[in-house]
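S.K.: Below are the structure tokens for one structure; questions will follow.
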Amino acid sequence: MSHRDLYMGLDLRDSFSQLAVMAPQDEEPKMISNPQDKTGQIQIPTEVVIPGTRETIGGFLVKILEQEPIIAAGVESDPVNVLAAFLQKILSFTRRDFPEGTIRRLVVTTPYRDFRFINTIYQALEKLGIGKDRAMVVDRRQSFVYYVMNQKKDLWVNQVGLFDYENQEIKYYQMRVDRYERPPFVTVEERAYPEYAKMLEESVSEEGDIAGEKTKASVVEAMVQGALHGQIITTVYMTGGGFEDGFADDIVKRLCVGRHVFRGENLYVYGACFMARENGGERKMDPFIYWDDDTISVNITMEAYTNAKVQEVILAKAGTPWYQVDYELDVIPDGEEELQIKVYNMRDKGVHTHILSMDGIQGRLDRKARIGIQIRFAGVNKCIFTIRDKGFGEFYPSSHRIWEEIIMI
């Protein structure tokens with residue numbers, strides 16, 4: 001691997017975004033700032049000059065999420081082009097510190113889990129020449145897990161909690177590692193606290209208002225006690241602009257005696273960067289499977305002759321978000337009339353074999369055909385195989401036949 005290859009994490013937010021980078025020899029990510037900002041601010045405004053105009057706009061992530069038009073200079077702009085322009089701008093900031101660096105793996109983390117929004121990010125990255133083979137889009141929970149799992153093990157020997165107070169919203173994430181599984185399963189429970197967020201916002205008053213400060217303290221105390229009651233928590237993290245002034249630090253520390261407590265603003269972007277390193281092939285962590293509503297629970301394989309021996313080729317891995325699965329390979333049948341696909345369920349340890357027929361190209365299955373196989377998902381339980389007859393050189397032209405097989409997981 002070239003030392004020019006970089007692992008990048010991008011925390012994409014409505015008002016500002018953060019970018020972190022790791023070179024192969026690095027142990028910790030390096031935060032990237034706008035080279036034109038002399039203050040070295042790592043919170044980079046999420047705004048961009050709209051292509052074809054001189055108008056700078058922000059707030060476009062919410063418009064993309066809600067499928068509202070993005071208007072600049074009186075003209076509606078393509079959301080993919082707008083997002084691509086911003087991504088190109090922020091990724092270019094790495095050139096100051098890594099002038100010859102190239103992206104080996106990029107992980108974008110976002111608070112939004114809407115598939116259409118995520119797909120727009122992938123389309124924008126494609127316009128920049130960054131395909132799914134080099135990029136992943138994940139939500140906050142997954143980047144939280146990768147951040148925690150890259151810390152000292154005594155910080156996550158039990159469960160880990162995270163309070164996120166941002167944009168007048170409070171969310172609590174609790175991470176659990178099931179060590180009885182091999183490899184361990186890691187899950188994250190998410191809770192929202194709209195009532196506490198409302199009370200905190202209503203308690204905001206002029207500086208020096210003792211009553212307002214007491215109200216804020218009591219709200220935070222009730223929230224933390226409710227979240228942690230009866231739980232075996234090793235470490236508690238606090239992040240988000242709502243905690244920025246430190247008003248809750250002493251309260252949380254008092255309530256978390258015997259636990260580690262940290263507050264910071266780079267947890268998600270660091271987690272994304274660590275994830276980029278792991279998925280880029282430079283394994284540093286013990287193996288585990290991340291499990292949530294959007295990740296597949298199975299390993300999907302098929303046998304093929306490769307690297308001078310017959311072996312199982314992994315087509316999809318458990319713990320991958322279903323929308324991220326997009327794998328292609330070509331095979332040359334050696335007399336086989338069907339493809340055997342094995343599905344290993346990592347939860348119940350069951351193994352199922354599925355047969356994909358190649359009836360459409362009979363007569364050319366003895367090394368006279370090249371078969372293209374693509375695997376994707378249309379949901380966490382619906383796997384789609386697309387099979388193409390690609391022919392075999394000039395002597396055996398393709399029939400151009402394409403067919404699909406669906407496997408329900």
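Chain labels run A, B, ... following the order of the structure tokens; each chain numbers its residues from 1, and ligands are numbered from 1 in the order shown.
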At a cut-off of 10 Å, using only C-alpha atoms, what residues contact Gly59 of chain A? Leave out same-chain residues fewer than 4 positions from it and give the result as a PyMOL selection string.

M.R.: chain A and resi 13-16+45-48+63-64+70

S.K.: Could the residues in this selection be written to a file with all heavy atoms, as a compact mmCIF listing (two decimals), in the first residue's frame?

M.R.:
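again.txt, written as the output of this step:
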```
# COMPACT_ATOMS: atom_id res chain seq x y z
N ARG A 13 -22.90 17.60 8.38
CA ARG A 13 -23.96 18.18 9.20
C ARG A 13 -24.59 19.37 8.48
O ARG A 13 -24.04 19.90 7.54
CB ARG A 13 -23.42 18.65 10.55
CG ARG A 13 -22.69 17.58 11.33
CD ARG A 13 -22.38 18.06 12.73
NE ARG A 13 -21.58 17.08 13.48
CZ ARG A 13 -21.48 17.07 14.79
NH1 ARG A 13 -22.13 17.98 15.50
NH2 ARG A 13 -20.74 16.17 15.40
N ASP A 14 -25.76 19.79 9.00
CA ASP A 14 -26.51 20.87 8.34
C ASP A 14 -25.76 22.20 8.34
O ASP A 14 -25.66 22.86 7.31
CB ASP A 14 -27.86 21.07 9.04
CG ASP A 14 -28.75 19.85 8.90
OD1 ASP A 14 -28.71 19.22 7.83
OD2 ASP A 14 -29.49 19.53 9.85
N SER A 15 -25.25 22.60 9.50
CA SER A 15 -24.63 23.93 9.60
C SER A 15 -23.13 23.91 9.40
O SER A 15 -22.56 24.85 8.83
CB SER A 15 -24.95 24.55 10.97
OG SER A 15 -24.53 23.68 12.02
N PHE A 16 -22.48 22.85 9.86
CA PHE A 16 -21.04 22.73 9.66
C PHE A 16 -20.69 21.25 9.52
O PHE A 16 -21.44 20.37 9.94
CB PHE A 16 -20.25 23.35 10.83
CG PHE A 16 -20.41 22.62 12.12
CD1 PHE A 16 -19.58 21.55 12.45
CD2 PHE A 16 -21.38 22.99 13.03
CE1 PHE A 16 -19.73 20.85 13.64
CE2 PHE A 16 -21.54 22.29 14.23
CZ PHE A 16 -20.71 21.23 14.53
N PRO A 45 -18.05 25.41 7.73
CA PRO A 45 -19.44 25.69 7.35
C PRO A 45 -19.89 24.84 6.15
O PRO A 45 -19.17 24.71 5.17
CB PRO A 45 -19.41 27.18 6.99
CG PRO A 45 -18.26 27.73 7.77
CD PRO A 45 -17.23 26.64 7.79
N THR A 46 -21.08 24.26 6.28
CA THR A 46 -21.63 23.45 5.19
C THR A 46 -22.33 24.38 4.22
O THR A 46 -23.56 24.53 4.21
CB THR A 46 -22.60 22.39 5.74
OG1 THR A 46 -21.95 21.64 6.77
CG2 THR A 46 -23.04 21.43 4.64
N GLU A 47 -21.52 25.02 3.40
CA GLU A 47 -22.03 25.95 2.39
C GLU A 47 -21.11 25.91 1.18
O GLU A 47 -19.94 25.53 1.29
CB GLU A 47 -22.13 27.36 2.95
CG GLU A 47 -20.83 27.89 3.52
CD GLU A 47 -20.99 29.24 4.21
OE1 GLU A 47 -22.07 29.50 4.79
OE2 GLU A 47 -20.02 30.05 4.17
N VAL A 48 -21.65 26.30 0.04
CA VAL A 48 -20.89 26.17 -1.20
C VAL A 48 -21.41 27.17 -2.22
O VAL A 48 -22.58 27.57 -2.17
CB VAL A 48 -21.01 24.73 -1.76
CG1 VAL A 48 -22.41 24.43 -2.24
CG2 VAL A 48 -19.99 24.47 -2.84
N LYS A 63 -32.83 20.44 2.66
CA LYS A 63 -33.63 20.51 1.43
C LYS A 63 -33.52 19.20 0.64
O LYS A 63 -34.50 18.71 0.08
CB LYS A 63 -33.18 21.69 0.57
CG LYS A 63 -33.50 23.06 1.17
CD LYS A 63 -33.09 24.18 0.24
CE LYS A 63 -33.38 25.54 0.86
NZ LYS A 63 -34.84 25.76 1.06
N ILE A 64 -32.31 18.64 0.60
CA ILE A 64 -32.13 17.36 -0.09
C ILE A 64 -32.90 16.27 0.63
O ILE A 64 -33.57 15.44 0.01
CB ILE A 64 -30.63 17.00 -0.18
CG1 ILE A 64 -29.90 17.99 -1.09
CG2 ILE A 64 -30.45 15.57 -0.69
CD1 ILE A 64 -28.39 17.81 -1.10
N ILE A 70 -33.65 23.40 -4.46
CA ILE A 70 -32.53 24.26 -4.05
C ILE A 70 -32.43 25.37 -5.08
O ILE A 70 -32.10 25.13 -6.25
CB ILE A 70 -31.22 23.46 -3.99
CG1 ILE A 70 -31.35 22.30 -2.98
CG2 ILE A 70 -30.05 24.36 -3.60
CD1 ILE A 70 -30.16 21.37 -2.95
```

S.K.: Got a sec to tell me which of segment 250-285 of chain A DSSP assigns to strand (DSSP E or B), as a count of residues only?

M.R.: 4

S.K.: So that I can check the surroundings of Tyr165 of chain A, please list as a PyMOL selection string every protein, DNA and RNA residue that reaches within 12 Å of it, counting only C-alpha atoms and ignoring chain neighbours fewer than 6 positions away.

M.R.: chain A and resi 171-173+192-194+196-198+200-201+220+223+237-246+248+263-265

S.K.: Would you mind exporting C-alpha atoms of the selected residues as an mmCIF file, in the first residue's frame?

M.R.:
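Wrote part_20.cif, looks like this:
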```cif
data_model
loop_
_atom_site.group_PDB
_atom_site.id
_atom_site.type_symbol
_atom_site.label_atom_id
_atom_site.label_comp_id
_atom_site.auth_asym_id
_atom_site.auth_seq_id
_atom_site.Cartn_x
_atom_site.Cartn_y
_atom_site.Cartn_z
ATOM 1 C CA LYS A 171 -30.463 11.770 21.694
ATOM 2 C CA TYR A 172 -28.969 9.068 23.850
ATOM 3 C CA TYR A 173 -27.097 6.097 22.395
ATOM 4 C CA ALA A 192 -34.760 10.608 21.892
ATOM 5 C CA TYR A 193 -35.582 13.083 24.660
ATOM 6 C CA PRO A 194 -37.748 15.780 23.049
ATOM 7 C CA TYR A 196 -35.967 17.401 28.038
ATOM 8 C CA ALA A 197 -34.688 19.283 24.989
ATOM 9 C CA LYS A 198 -37.759 21.531 25.089
ATOM 10 C CA LEU A 200 -33.619 23.065 28.296
ATOM 11 C CA GLU A 201 -34.398 25.463 25.476
ATOM 12 C CA VAL A 220 -29.940 17.381 32.887
ATOM 13 C CA MET A 223 -32.318 12.977 32.025
ATOM 14 C CA TYR A 237 -19.597 10.568 26.291
ATOM 15 C CA MET A 238 -21.161 13.972 25.677
ATOM 16 C CA THR A 239 -21.136 15.682 22.312
ATOM 17 C CA GLY A 240 -22.979 18.409 20.414
ATOM 18 C CA GLY A 241 -23.154 22.185 20.443
ATOM 19 C CA GLY A 242 -25.735 22.162 23.238
ATOM 20 C CA PHE A 243 -23.078 20.965 25.689
ATOM 21 C CA GLU A 244 -20.399 23.281 24.336
ATOM 22 C CA ASP A 245 -20.427 25.802 27.173
ATOM 23 C CA GLY A 246 -19.774 23.005 29.697
ATOM 24 C CA ALA A 248 -23.563 19.981 32.229
ATOM 25 C CA ARG A 263 -16.982 15.630 26.284
ATOM 26 C CA GLY A 264 -15.830 16.552 22.781
ATOM 27 C CA GLU A 265 -16.846 17.451 19.260
#
```

S.K.: Just want the 10 Å neighbourhood of segment 119-132 of chain A, counted on only C-alpha atoms, with same-chain residues fewer than 4 positions away dropped. Output as a PDB file with all heavy atoms, in the first residue's frame.

M.R.:
```
ATOM      1  N   ILE A  64     -32.305  18.638   0.599  1.00  0.00           N
ATOM      2  CA  ILE A  64     -32.129  17.358  -0.090  1.00  0.00           C
ATOM      3  C   ILE A  64     -32.905  16.267   0.632  1.00  0.00           C
ATOM      4  O   ILE A  64     -33.574  15.436   0.006  1.00  0.00           O
ATOM      5  CB  ILE A  64     -30.631  16.995  -0.177  1.00  0.00           C
ATOM      6  CG1 ILE A  64     -29.896  17.987  -1.088  1.00  0.00           C
ATOM      7  CG2 ILE A  64     -30.451  15.573  -0.687  1.00  0.00           C
ATOM      8  CD1 ILE A  64     -28.387  17.811  -1.098  1.00  0.00           C
ATOM      9  N   LEU A  65     -32.839  16.265   1.962  1.00  0.00           N
ATOM     10  CA  LEU A  65     -33.549  15.259   2.752  1.00  0.00           C
ATOM     11  C   LEU A  65     -35.055  15.340   2.519  1.00  0.00           C
ATOM     12  O   LEU A  65     -35.719  14.306   2.330  1.00  0.00           O
ATOM     13  CB  LEU A  65     -33.236  15.456   4.240  1.00  0.00           C
ATOM     14  CG  LEU A  65     -33.998  14.555   5.216  1.00  0.00           C
ATOM     15  CD1 LEU A  65     -33.527  13.111   5.103  1.00  0.00           C
ATOM     16  CD2 LEU A  65     -33.833  15.065   6.650  1.00  0.00           C
ATOM     17  N   PRO A  79     -29.702  18.740  -6.878  1.00  0.00           N
ATOM     18  CA  PRO A  79     -29.132  18.469  -5.547  1.00  0.00           C
ATOM     19  C   PRO A  79     -27.846  17.652  -5.601  1.00  0.00           C
ATOM     20  O   PRO A  79     -26.956  17.845  -4.765  1.00  0.00           O
ATOM     21  CB  PRO A  79     -30.253  17.715  -4.825  1.00  0.00           C
ATOM     22  CG  PRO A  79     -31.170  17.240  -5.889  1.00  0.00           C
ATOM     23  CD  PRO A  79     -31.076  18.230  -6.987  1.00  0.00           C
ATOM     24  N   VAL A  80     -27.734  16.743  -6.572  1.00  0.00           N
ATOM     25  CA  VAL A  80     -26.506  15.947  -6.692  1.00  0.00           C
ATOM     26  C   VAL A  80     -25.328  16.861  -7.037  1.00  0.00           C
ATOM     27  O   VAL A  80     -24.237  16.729  -6.464  1.00  0.00           O
ATOM     28  CB  VAL A  80     -26.667  14.849  -7.765  1.00  0.00           C
ATOM     29  CG1 VAL A  80     -25.335  14.137  -7.995  1.00  0.00           C
ATOM     30  CG2 VAL A  80     -27.731  13.851  -7.339  1.00  0.00           C
ATOM     31  N   ASN A  81     -25.544  17.816  -7.950  1.00  0.00           N
ATOM     32  CA  ASN A  81     -24.463  18.739  -8.324  1.00  0.00           C
ATOM     33  C   ASN A  81     -24.072  19.641  -7.165  1.00  0.00           C
ATOM     34  O   ASN A  81     -22.882  19.934  -6.964  1.00  0.00           O
ATOM     35  CB  ASN A  81     -24.887  19.586  -9.521  1.00  0.00           C
ATOM     36  CG  ASN A  81     -24.989  18.775 -10.798  1.00  0.00           C
ATOM     37  OD1 ASN A  81     -24.390  17.703 -10.912  1.00  0.00           O
ATOM     38  ND2 ASN A  81     -25.748  19.264 -11.756  1.00  0.00           N
ATOM     39  N   VAL A  82     -25.067  20.094  -6.396  1.00  0.00           N
ATOM     40  CA  VAL A  82     -24.784  20.961  -5.243  1.00  0.00           C
ATOM     41  C   VAL A  82     -23.949  20.209  -4.222  1.00  0.00           C
ATOM     42  O   VAL A  82     -22.923  20.712  -3.733  1.00  0.00           O
ATOM     43  CB  VAL A  82     -26.093  21.469  -4.613  1.00  0.00           C
ATOM     44  CG1 VAL A  82     -25.798  22.216  -3.308  1.00  0.00           C
ATOM     45  CG2 VAL A  82     -26.840  22.377  -5.580  1.00  0.00           C
ATOM     46  N   LEU A  83     -24.368  19.001  -3.881  1.00  0.00           N
ATOM     47  CA  LEU A  83     -23.638  18.217  -2.889  1.00  0.00           C
ATOM     48  C   LEU A  83     -22.253  17.843  -3.400  1.00  0.00           C
ATOM     49  O   LEU A  83     -21.272  17.865  -2.647  1.00  0.00           O
ATOM     50  CB  LEU A  83     -24.433  16.966  -2.534  1.00  0.00           C
ATOM     51  CG  LEU A  83     -23.919  16.123  -1.371  1.00  0.00           C
ATOM     52  CD1 LEU A  83     -23.700  16.968  -0.118  1.00  0.00           C
ATOM     53  CD2 LEU A  83     -24.895  14.986  -1.058  1.00  0.00           C
ATOM     54  N   ALA A  84     -22.147  17.512  -4.691  1.00  0.00           N
ATOM     55  CA  ALA A  84     -20.842  17.178  -5.266  1.00  0.00           C
ATOM     56  C   ALA A  84     -19.894  18.360  -5.182  1.00  0.00           C
ATOM     57  O   ALA A  84     -18.698  18.205  -4.904  1.00  0.00           O
ATOM     58  CB  ALA A  84     -21.001  16.726  -6.715  1.00  0.00           C
ATOM     59  N   ALA A  85     -20.415  19.570  -5.413  1.00  0.00           N
ATOM     60  CA  ALA A  85     -19.575  20.769  -5.336  1.00  0.00           C
ATOM     61  C   ALA A  85     -19.056  20.977  -3.919  1.00  0.00           C
ATOM     62  O   ALA A  85     -17.886  21.332  -3.714  1.00  0.00           O
ATOM     63  CB  ALA A  85     -20.364  21.995  -5.803  1.00  0.00           C
ATOM     64  N   PHE A  86     -19.915  20.742  -2.922  1.00  0.00           N
ATOM     65  CA  PHE A  86     -19.465  20.898  -1.540  1.00  0.00           C
ATOM     66  C   PHE A  86     -18.446  19.828  -1.175  1.00  0.00           C
ATOM     67  O   PHE A  86     -17.416  20.123  -0.551  1.00  0.00           O
ATOM     68  CB  PHE A  86     -20.639  20.847  -0.572  1.00  0.00           C
ATOM     69  CG  PHE A  86     -20.210  20.852   0.872  1.00  0.00           C
ATOM     70  CD1 PHE A  86     -19.703  22.013   1.443  1.00  0.00           C
ATOM     71  CD2 PHE A  86     -20.267  19.704   1.644  1.00  0.00           C
ATOM     72  CE1 PHE A  86     -19.271  22.028   2.773  1.00  0.00           C
ATOM     73  CE2 PHE A  86     -19.834  19.704   2.955  1.00  0.00           C
ATOM     74  CZ  PHE A  86     -19.337  20.872   3.517  1.00  0.00           C
ATOM     75  N   LEU A  87     -18.718  18.587  -1.553  1.00  0.00           N
ATOM     76  CA  LEU A  87     -17.787  17.509  -1.232  1.00  0.00           C
ATOM     77  C   LEU A  87     -16.431  17.739  -1.887  1.00  0.00           C
ATOM     78  O   LEU A  87     -15.383  17.510  -1.281  1.00  0.00           O
ATOM     79  CB  LEU A  87     -18.371  16.170  -1.676  1.00  0.00           C
ATOM     80  CG  LEU A  87     -19.610  15.692  -0.920  1.00  0.00           C
ATOM     81  CD1 LEU A  87     -20.186  14.439  -1.570  1.00  0.00           C
ATOM     82  CD2 LEU A  87     -19.285  15.424   0.543  1.00  0.00           C
ATOM     83  N   GLN A  88     -16.445  18.206  -3.116  1.00  0.00           N
ATOM     84  CA  GLN A  88     -15.185  18.495  -3.799  1.00  0.00           C
ATOM     85  C   GLN A  88     -14.414  19.588  -3.072  1.00  0.00           C
ATOM     86  O   GLN A  88     -13.189  19.505  -2.911  1.00  0.00           O
ATOM     87  CB  GLN A  88     -15.457  18.915  -5.235  1.00  0.00           C
ATOM     88  CG  GLN A  88     -14.196  19.157  -6.061  1.00  0.00           C
ATOM     89  CD  GLN A  88     -14.516  19.499  -7.503  1.00  0.00           C
ATOM     90  OE1 GLN A  88     -15.433  20.271  -7.787  1.00  0.00           O
ATOM     91  NE2 GLN A  88     -13.770  18.911  -8.434  1.00  0.00           N
ATOM     92  N   ILE A 103      -7.288   9.210  -1.984  1.00  0.00           N
ATOM     93  CA  ILE A 103      -8.265   8.585  -1.094  1.00  0.00           C
ATOM     94  C   ILE A 103      -8.262   7.074  -1.299  1.00  0.00           C
ATOM     95  O   ILE A 103      -8.600   6.592  -2.375  1.00  0.00           O
ATOM     96  CB  ILE A 103      -9.678   9.136  -1.346  1.00  0.00           C
ATOM     97  CG1 ILE A 103      -9.718  10.643  -1.084  1.00  0.00           C
ATOM     98  CG2 ILE A 103     -10.693   8.412  -0.464  1.00  0.00           C
ATOM     99  CD1 ILE A 103     -11.039  11.289  -1.433  1.00  0.00           C
ATOM    100  N   ARG A 104      -7.868   6.358  -0.270  1.00  0.00           N
ATOM    101  CA  ARG A 104      -7.987   4.899  -0.306  1.00  0.00           C
ATOM    102  C   ARG A 104      -9.386   4.483   0.139  1.00  0.00           C
ATOM    103  O   ARG A 104     -10.014   3.602  -0.442  1.00  0.00           O
ATOM    104  CB  ARG A 104      -6.933   4.244   0.592  1.00  0.00           C
ATOM    105  CG  ARG A 104      -7.023   2.711   0.593  1.00  0.00           C
ATOM    106  CD  ARG A 104      -5.918   2.085   1.407  1.00  0.00           C
ATOM    107  NE  ARG A 104      -5.998   0.635   1.412  1.00  0.00           N
ATOM    108  CZ  ARG A 104      -5.490  -0.143   0.465  1.00  0.00           C
ATOM    109  NH1 ARG A 104      -4.875   0.403  -0.569  1.00  0.00           N
ATOM    110  NH2 ARG A 104      -5.599  -1.453   0.544  1.00  0.00           N
ATOM    111  N   ARG A 105      -9.877   5.143   1.193  1.00  0.00           N
ATOM    112  CA  ARG A 105     -11.206   4.838   1.704  1.00  0.00           C
ATOM    113  C   ARG A 105     -11.781   6.076   2.373  1.00  0.00           C
ATOM    114  O   ARG A 105     -11.106   6.753   3.139  1.00  0.00           O
ATOM    115  CB  ARG A 105     -11.136   3.689   2.709  1.00  0.00           C
ATOM    116  CG  ARG A 105     -12.471   3.061   3.040  1.00  0.00           C
ATOM    117  CD  ARG A 105     -12.977   2.224   1.888  1.00  0.00           C
ATOM    118  NE  ARG A 105     -14.130   1.429   2.266  1.00  0.00           N
ATOM    119  CZ  ARG A 105     -14.817   0.674   1.423  1.00  0.00           C
ATOM    120  NH1 ARG A 105     -14.462   0.629   0.149  1.00  0.00           N
ATOM    121  NH2 ARG A 105     -15.863  -0.028   1.822  1.00  0.00           N
ATOM    122  N   LEU A 106     -13.043   6.370   2.067  1.00  0.00           N
ATOM    123  CA  LEU A 106     -13.749   7.506   2.654  1.00  0.00           C
ATOM    124  C   LEU A 106     -15.027   7.003   3.290  1.00  0.00           C
ATOM    125  O   LEU A 106     -15.793   6.261   2.666  1.00  0.00           O
ATOM    126  CB  LEU A 106     -14.083   8.541   1.563  1.00  0.00           C
ATOM    127  CG  LEU A 106     -15.080   9.647   1.935  1.00  0.00           C
ATOM    128  CD1 LEU A 106     -14.499  10.575   3.005  1.00  0.00           C
ATOM    129  CD2 LEU A 106     -15.489  10.442   0.707  1.00  0.00           C
ATOM    130  N   VAL A 108     -18.421   8.551   5.112  1.00  0.00           N
ATOM    131  CA  VAL A 108     -19.230   9.735   5.411  1.00  0.00           C
ATOM    132  C   VAL A 108     -20.258   9.345   6.454  1.00  0.00           C
ATOM    133  O   VAL A 108     -21.002   8.368   6.278  1.00  0.00           O
ATOM    134  CB  VAL A 108     -19.942  10.253   4.143  1.00  0.00           C
ATOM    135  CG1 VAL A 108     -20.777  11.491   4.473  1.00  0.00           C
ATOM    136  CG2 VAL A 108     -18.932  10.568   3.042  1.00  0.00           C
ATOM    137  N   ASP A 114     -32.317   8.295   5.930  1.00  0.00           N
ATOM    138  CA  ASP A 114     -33.205   8.166   4.789  1.00  0.00           C
ATOM    139  C   ASP A 114     -32.432   7.631   3.577  1.00  0.00           C
ATOM    140  O   ASP A 114     -31.389   8.176   3.200  1.00  0.00           O
ATOM    141  CB  ASP A 114     -33.819   9.530   4.460  1.00  0.00           C
ATOM    142  CG  ASP A 114     -34.764   9.470   3.281  1.00  0.00           C
ATOM    143  OD1 ASP A 114     -35.933   9.094   3.467  1.00  0.00           O
ATOM    144  OD2 ASP A 114     -34.319   9.781   2.150  1.00  0.00           O
ATOM    145  N   PHE A 115     -32.945   6.558   2.954  1.00  0.00           N
ATOM    146  CA  PHE A 115     -32.222   5.919   1.856  1.00  0.00           C
ATOM    147  C   PHE A 115     -32.033   6.858   0.668  1.00  0.00           C
ATOM    148  O   PHE A 115     -30.977   6.866   0.031  1.00  0.00           O
ATOM    149  CB  PHE A 115     -32.946   4.650   1.407  1.00  0.00           C
ATOM    150  CG  PHE A 115     -32.358   4.037   0.167  1.00  0.00           C
ATOM    151  CD1 PHE A 115     -31.102   3.438   0.205  1.00  0.00           C
ATOM    152  CD2 PHE A 115     -33.031   4.073  -1.044  1.00  0.00           C
ATOM    153  CE1 PHE A 115     -30.533   2.885  -0.934  1.00  0.00           C
ATOM    154  CE2 PHE A 115     -32.477   3.523  -2.185  1.00  0.00           C
ATOM    155  CZ  PHE A 115     -31.227   2.929  -2.125  1.00  0.00           C
ATOM    156  N   MET A 136     -18.153   4.736   1.817  1.00  0.00           N
ATOM    157  CA  MET A 136     -19.305   4.227   2.560  1.00  0.00           C
ATOM    158  C   MET A 136     -20.020   5.404   3.202  1.00  0.00           C
ATOM    159  O   MET A 136     -19.389   6.400   3.578  1.00  0.00           O
ATOM    160  CB  MET A 136     -18.885   3.247   3.660  1.00  0.00           C
ATOM    161  CG  MET A 136     -18.385   1.911   3.187  1.00  0.00           C
ATOM    162  SD  MET A 136     -18.064   0.788   4.581  1.00  0.00           S
ATOM    163  CE  MET A 136     -19.748   0.451   5.136  1.00  0.00           C
ATOM    164  N   VAL A 137     -21.345   5.271   3.331  1.00  0.00           N
ATOM    165  CA  VAL A 137     -22.146   6.258   4.050  1.00  0.00           C
ATOM    166  C   VAL A 137     -22.806   5.537   5.219  1.00  0.00           C
ATOM    167  O   VAL A 137     -23.497   4.530   5.020  1.00  0.00           O
ATOM    168  CB  VAL A 137     -23.217   6.896   3.141  1.00  0.00           C
ATOM    169  CG1 VAL A 137     -24.003   7.959   3.915  1.00  0.00           C
ATOM    170  CG2 VAL A 137     -22.580   7.513   1.893  1.00  0.00           C
ATOM    171  N   TYR A 323     -27.850  -1.121   1.806  1.00  0.00           N
ATOM    172  CA  TYR A 323     -27.704  -0.234   0.653  1.00  0.00           C
ATOM    173  C   TYR A 323     -26.252  -0.098   0.201  1.00  0.00           C
ATOM    174  O   TYR A 323     -25.975   0.459  -0.854  1.00  0.00           O
ATOM    175  CB  TYR A 323     -28.285   1.155   0.967  1.00  0.00           C
ATOM    176  CG  TYR A 323     -27.824   1.747   2.277  1.00  0.00           C
ATOM    177  CD1 TYR A 323     -26.571   2.324   2.415  1.00  0.00           C
ATOM    178  CD2 TYR A 323     -28.647   1.703   3.392  1.00  0.00           C
ATOM    179  CE1 TYR A 323     -26.143   2.848   3.622  1.00  0.00           C
ATOM    180  CE2 TYR A 323     -28.233   2.227   4.618  1.00  0.00           C
ATOM    181  CZ  TYR A 323     -26.993   2.800   4.717  1.00  0.00           C
ATOM    182  OH  TYR A 323     -26.564   3.318   5.921  1.00  0.00           O
ATOM    183  N   GLN A 324     -25.329  -0.616   0.999  1.00  0.00           N
ATOM    184  CA  GLN A 324     -23.915  -0.552   0.644  1.00  0.00           C
ATOM    185  C   GLN A 324     -23.492  -1.760  -0.203  1.00  0.00           C
ATOM    186  O   GLN A 324     -22.486  -1.709  -0.909  1.00  0.00           O
ATOM    187  CB  GLN A 324     -23.070  -0.493   1.918  1.00  0.00           C
ATOM    188  CG  GLN A 324     -21.566  -0.507   1.694  1.00  0.00           C
ATOM    189  CD  GLN A 324     -21.038   0.773   1.082  1.00  0.00           C
ATOM    190  OE1 GLN A 324     -21.655   1.816   1.251  1.00  0.00           O
ATOM    191  NE2 GLN A 324     -19.929   0.700   0.375  1.00  0.00           N
ATOM    192  N   VAL A 325     -24.257  -2.838  -0.142  1.00  0.00           N
ATOM    193  CA  VAL A 325     -23.872  -4.060  -0.860  1.00  0.00           C
ATOM    194  C   VAL A 325     -24.043  -3.857  -2.369  1.00  0.00           C
ATOM    195  O   VAL A 325     -25.141  -3.597  -2.856  1.00  0.00           O
ATOM    196  CB  VAL A 325     -24.720  -5.264  -0.405  1.00  0.00           C
ATOM    197  CG1 VAL A 325     -24.324  -6.514  -1.185  1.00  0.00           C
ATOM    198  CG2 VAL A 325     -24.570  -5.493   1.095  1.00  0.00           C
ATOM    199  N   ASP A 326     -22.956  -3.972  -3.088  1.00  0.00           N
ATOM    200  CA  ASP A 326     -22.983  -3.853  -4.553  1.00  0.00           C
ATOM    201  C   ASP A 326     -21.688  -4.480  -5.063  1.00  0.00           C
ATOM    202  O   ASP A 326     -20.693  -3.796  -5.279  1.00  0.00           O
ATOM    203  CB  ASP A 326     -23.095  -2.392  -4.978  1.00  0.00           C
ATOM    204  CG  ASP A 326     -23.364  -2.239  -6.468  1.00  0.00           C
ATOM    205  OD1 ASP A 326     -23.359  -3.262  -7.177  1.00  0.00           O
ATOM    206  OD2 ASP A 326     -23.583  -1.102  -6.931  1.00  0.00           O
ATOM    207  N   TYR A 327     -21.728  -5.793  -5.261  1.00  0.00           N
ATOM    208  CA  TYR A 327     -20.520  -6.541  -5.592  1.00  0.00           C
ATOM    209  C   TYR A 327     -20.702  -7.207  -6.949  1.00  0.00           C
ATOM    210  O   TYR A 327     -21.773  -7.730  -7.266  1.00  0.00           O
ATOM    211  CB  TYR A 327     -20.246  -7.593  -4.513  1.00  0.00           C
ATOM    212  CG  TYR A 327     -18.951  -8.354  -4.705  1.00  0.00           C
ATOM    213  CD1 TYR A 327     -17.732  -7.800  -4.319  1.00  0.00           C
ATOM    214  CD2 TYR A 327     -18.950  -9.632  -5.264  1.00  0.00           C
ATOM    215  CE1 TYR A 327     -16.547  -8.502  -4.486  1.00  0.00           C
ATOM    216  CE2 TYR A 327     -17.762 -10.335  -5.433  1.00  0.00           C
ATOM    217  CZ  TYR A 327     -16.570  -9.759  -5.047  1.00  0.00           C
ATOM    218  OH  TYR A 327     -15.395 -10.448  -5.221  1.00  0.00           O
TER     219      TYR A 327
END
```

S.K.: Taking into account only C-alpha atoms, which residue in the set A:Leu329, A:Ala308, A:Met285, A:Leu267 is nearest to Lys152 of chain A?

M.R.: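 When distances to Lys152 of chain A are compared using only C-alpha atoms, the smallest one comes from A:Met285.
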